[in-house]
>>> print(open('my_file_17.pdb').read())   # PDB, C-alpha atoms
ATOM      1  CA  GLN A   1      17.539  -2.593   5.001
ATOM      2  CA  VAL A   2      13.875  -1.676   5.251
ATOM      3  CA  GLN A   3      11.391  -2.851   7.842
ATOM      4  CA  LEU A   4       7.722  -2.124   7.291
ATOM      5  CA  VAL A   5       4.973  -2.179   9.905
ATOM      6  CA  GLU A   6       1.338  -1.773   8.922
ATOM      7  CA  SER A   7      -1.424  -0.612  11.235
ATOM      8  CA  GLY A   8      -4.976   0.681  11.083
ATOM      9  CA  GLY A   9      -6.844  -2.402   9.971
ATOM     10  CA  GLY A  10     -10.069  -3.493  11.587
ATOM     11  CA  LEU A  11     -13.751  -4.230  11.152
ATOM     12  CA  VAL A  12     -15.959  -1.681   9.433
ATOM     13  CA  GLN A  13     -19.420  -1.661   7.916
ATOM     14  CA  ALA A  14     -19.942  -1.325   4.191
ATOM     15  CA  GLY A  15     -19.768   2.311   3.171
ATOM     16  CA  GLY A  16     -17.400   3.147   5.986
ATOM     17  CA  SER A  17     -13.779   4.289   5.961
ATOM     18  CA  LEU A  18     -10.441   3.178   7.311
ATOM     19  CA  ARG A  19      -6.937   4.587   7.060
ATOM     20  CA  LEU A  20      -4.025   2.198   6.947
ATOM     21  CA  SER A  21      -0.527   3.302   7.867
ATOM     22  CA  CYS A  22       2.804   1.762   6.994
ATOM     23  CA  ALA A  23       5.825   2.971   8.916
ATOM     24  CA  ALA A  24       9.235   2.274   7.429
ATOM     25  CA  SER A  25      12.451   1.790   9.370
ATOM     26  CA  LEU A  26      15.388   2.477   7.099
ATOM     27  CA  ALA A  27      19.012   1.540   7.289
ATOM     28  CA  SER A  28      21.438   4.354   7.926
ATOM     29  CA  GLY A  29      21.991   6.530   4.876
ATOM     30  CA  HIS A  30      18.786   5.504   3.163
ATOM     31  CA  THR A  31      16.032   8.003   2.507
ATOM     32  CA  PHE A  32      12.322   7.316   2.281
ATOM     33  CA  SER A  33      12.069   9.234  -0.988
ATOM     34  CA  SER A  34      14.391   6.744  -2.662
ATOM     35  CA  TYR A  35      11.709   4.062  -2.345
ATOM     36  CA  ALA A  36       8.470   3.472  -4.152
ATOM     37  CA  MET A  37       5.742   2.320  -1.794
ATOM     38  CA  GLY A  38       2.878   0.033  -2.647
ATOM     39  CA  TRP A  39      -0.192  -1.499  -1.089
ATOM     40  CA  PHE A  40      -1.351  -4.971  -2.000
ATOM     41  CA  ARG A  41      -4.092  -7.168  -0.584
ATOM     42  CA  GLN A  42      -4.943 -10.831  -0.349
ATOM     43  CA  ALA A  43      -8.457 -12.097   0.215
ATOM     44  CA  PRO A  44      -9.119 -15.614   1.502
ATOM     45  CA  GLY A  45      -8.598 -18.167  -1.232
ATOM     46  CA  LYS A  46      -7.306 -15.584  -3.681
ATOM     47  CA  GLU A  47      -3.925 -14.438  -4.890
ATOM     48  CA  ARG A  48      -2.391 -11.254  -3.627
ATOM     49  CA  GLU A  49      -3.316  -8.307  -5.830
ATOM     50  CA  PHE A  50      -2.172  -4.766  -6.400
ATOM     51  CA  VAL A  51      -4.115  -1.929  -4.760
ATOM     52  CA  ALA A  52      -2.123   1.303  -5.024
ATOM     53  CA  ALA A  53       1.422   2.611  -5.264
ATOM     54  CA  ARG A  54       3.233   5.880  -4.976
ATOM     55  CA  LYS A  55       6.589   7.422  -5.768
ATOM     56  CA  SER A  56       7.022  10.618  -3.806
ATOM     57  CA  SER A  57       9.749  11.637  -6.211
ATOM     58  CA  GLY A  58       7.823  12.796  -9.242
ATOM     59  CA  TYR A  59       4.538  12.476  -7.380
ATOM     60  CA  VAL A  60       3.541   9.371  -9.299
ATOM     61  CA  THR A  61       0.553   7.361  -8.111
ATOM     62  CA  LEU A  62      -1.114   4.282  -9.533
ATOM     63  CA  TYR A  63      -4.368   2.585  -8.529
ATOM     64  CA  ALA A  64      -6.113  -0.651  -9.318
ATOM     65  CA  ASP A  65      -9.339  -0.063 -11.206
ATOM     66  CA  SER A  66     -11.301  -1.699  -8.401
ATOM     67  CA  VAL A  67     -10.306   1.005  -5.894
ATOM     68  CA  LYS A  68      -9.916   4.053  -8.111
ATOM     69  CA  GLY A  69     -11.964   6.945  -6.782
ATOM     70  CA  ARG A  70     -12.407   5.296  -3.372
ATOM     71  CA  PHE A  71      -8.854   4.789  -2.082
ATOM     72  CA  THR A  72      -6.090   7.369  -1.815
ATOM     73  CA  ILE A  73      -2.411   6.660  -1.240
ATOM     74  CA  SER A  74      -0.300   9.371   0.347
ATOM     75  CA  SER A  75       2.941   9.668   2.235
ATOM     76  CA  ASP A  76       4.682  11.735   4.862
ATOM     77  CA  ASN A  77       8.392  11.650   4.094
ATOM     78  CA  ALA A  78       9.238  13.294   7.405
ATOM     79  CA  LYS A  79       7.653  10.329   9.199
ATOM     80  CA  ASN A  80       8.773   7.652   6.711
ATOM     81  CA  THR A  81       5.155   6.617   6.495
ATOM     82  CA  VAL A  82       2.765   5.810   3.673
ATOM     83  CA  TYR A  83      -0.999   5.826   4.120
ATOM     84  CA  LEU A  84      -3.953   4.247   2.397
ATOM     85  CA  GLN A  85      -7.200   6.102   2.949
ATOM     86  CA  MET A  86     -10.051   3.778   2.116
ATOM     87  CA  ASN A  87     -13.523   5.236   1.663
ATOM     88  CA  SER A  88     -16.822   3.732   0.548
ATOM     89  CA  LEU A  89     -15.606   0.314   1.586
ATOM     90  CA  LYS A  90     -17.283  -2.763   0.170
ATOM     91  CA  PRO A  91     -17.394  -6.340   1.462
ATOM     92  CA  GLU A  92     -15.175  -7.340  -1.457
ATOM     93  CA  ASP A  93     -12.450  -5.104  -0.014
ATOM     94  CA  THR A  94     -12.084  -7.608   2.834
ATOM     95  CA  ALA A  95      -8.493  -8.857   2.804
ATOM     96  CA  VAL A  96      -5.142  -8.751   4.481
ATOM     97  CA  TYR A  97      -3.455  -5.566   3.311
ATOM     98  CA  TYR A  98       0.293  -5.526   2.825
ATOM     99  CA  CYS A  99       2.676  -2.634   2.474
ATOM    100  CA  ALA A 100       5.689  -3.033   0.193
ATOM    101  CA  ALA A 101       8.765  -1.017  -0.692
ATOM    102  CA  GLY A 102      11.183  -1.088  -3.582
ATOM    103  CA  SER A 103      13.804   1.056  -5.220
ATOM    104  CA  ILE A 104      12.544   3.890  -7.391
ATOM    105  CA  LEU A 105      15.267   2.912  -9.857
ATOM    106  CA  THR A 106      13.454  -0.327 -10.700
ATOM    107  CA  LEU A 107       9.871   0.641  -9.960
ATOM    108  CA  TYR A 108       8.441   2.885 -12.634
ATOM    109  CA  GLY A 109       5.332   3.077 -14.745
ATOM    110  CA  THR A 110       3.214  -0.046 -14.631
ATOM    111  CA  MET A 111       5.987  -1.907 -12.798
ATOM    112  CA  LEU A 112       4.568  -0.259  -9.692
ATOM    113  CA  ALA A 113       1.716  -2.781  -9.884
ATOM    114  CA  HIS A 114       3.980  -5.842  -9.979
ATOM    115  CA  GLN A 115       4.546  -7.360  -6.555
ATOM    116  CA  GLY A 116       7.649  -9.164  -7.767
ATOM    117  CA  ALA A 117       9.338  -5.803  -8.274
ATOM    118  CA  TYR A 118       9.166  -4.958  -4.575
ATOM    119  CA  ASP A 119      11.958  -5.937  -2.226
ATOM    120  CA  TYR A 120      10.469  -5.432   1.217
ATOM    121  CA  TRP A 121       7.131  -6.404   2.721
ATOM    122  CA  GLY A 122       5.267  -5.797   5.936
ATOM    123  CA  GLN A 123       3.448  -8.439   7.925
ATOM    124  CA  GLY A 124      -0.010  -7.323   6.823
ATOM    125  CA  THR A 125      -3.065  -5.918   8.535
ATOM    126  CA  GLN A 126      -6.559  -7.382   8.351
ATOM    127  CA  VAL A 127      -9.405  -5.335   6.937
ATOM    128  CA  THR A 128     -12.896  -6.769   7.245
ATOM    129  CA  VAL A 129     -15.910  -5.050   5.707
ATOM    130  CA  SER A 130     -19.290  -6.295   6.839
ATOM    131  CA  SER A 131     -22.403  -5.997   4.687
TER
END
>>> encode(input="my_file_17.pdb", output="structure tokens")
Amino acid sequence: QVQLVESGGGLVQAGGSLRLSCAASLASGHTFSSYAMGWFRQAPGKEREFVAARKSSGYVTLYADSVKGRFTISSDNAKNTVYLQMNSLKPEDTAVYYCAAGSILTLYGTMLAHQGAYDYWGQGTQVTVSS
């Protein structure tokens, strides 16, 4: 019902910025605002971890402590797209970044940080931060 395509990854020096995009293709009758959108990342040899999430209904956002103050999640409902602006990047931010979507009916509060609560995933985009 939802297809997600990430873009915007690449190689950047420490201290630099990147903006990731995640475009959602929705089944007929579904609206972007009925989904909570999240960003997760997986570094080599590590488990996938939560980065940020947003519910446009209610304007709820949640961030991992490791990115708070540096990353900003936003969305454009008219374009069915969620963004992750990443500033002051560090080498430890190097990972494959995944976009995820789930129903706002089941994703609320701290559940936004739980990858198991999301139903749809993109293929991921690589972000590499050099020191």
>>> closest_residue(input="my_file_17.pdb", among="A:Ser56, A:Ser103, A:Ser66, A:Ser75", to="A:Arg41", atoms="all atoms listed in the file")
A:Ser66
>>> closest_residue(input="my_file_17.pdb", among="A:Ser25, A:Gln126, A:Gln13, A:Thr106", to="A:Phe40", atoms="only C-alpha atoms")
A:Gln126
>>> residues_around(input="my_file_17.pdb", residues="A:Asp65", least_positions_apart="3", cutoff="12 Å", atoms="only C-alpha atoms", output="PyMOL selection string")
chain A and resi 49-52+62+68-71+113
>>> closest_residue(input="my_file_17.pdb", among="A:Gly15, A:Gly29, A:Gly109, A:Pro44", to="A:Gln1", atoms="only C-alpha atoms")
A:Gly29
>>> atom_distance(input="my_file_17.pdb", atom1="atom CA of A:Ala101", atom2="atom CA of A:Gly10")
22.6 Å
>>> resolve_selection(input="my_file_17.pdb", expression="the PyMOL selection byres ((chain A and resi 72) around 7)", output="list in words")
Arg70, Phe71, Ile73, Ser74, Leu84, Gln85 and Met86 of chain A
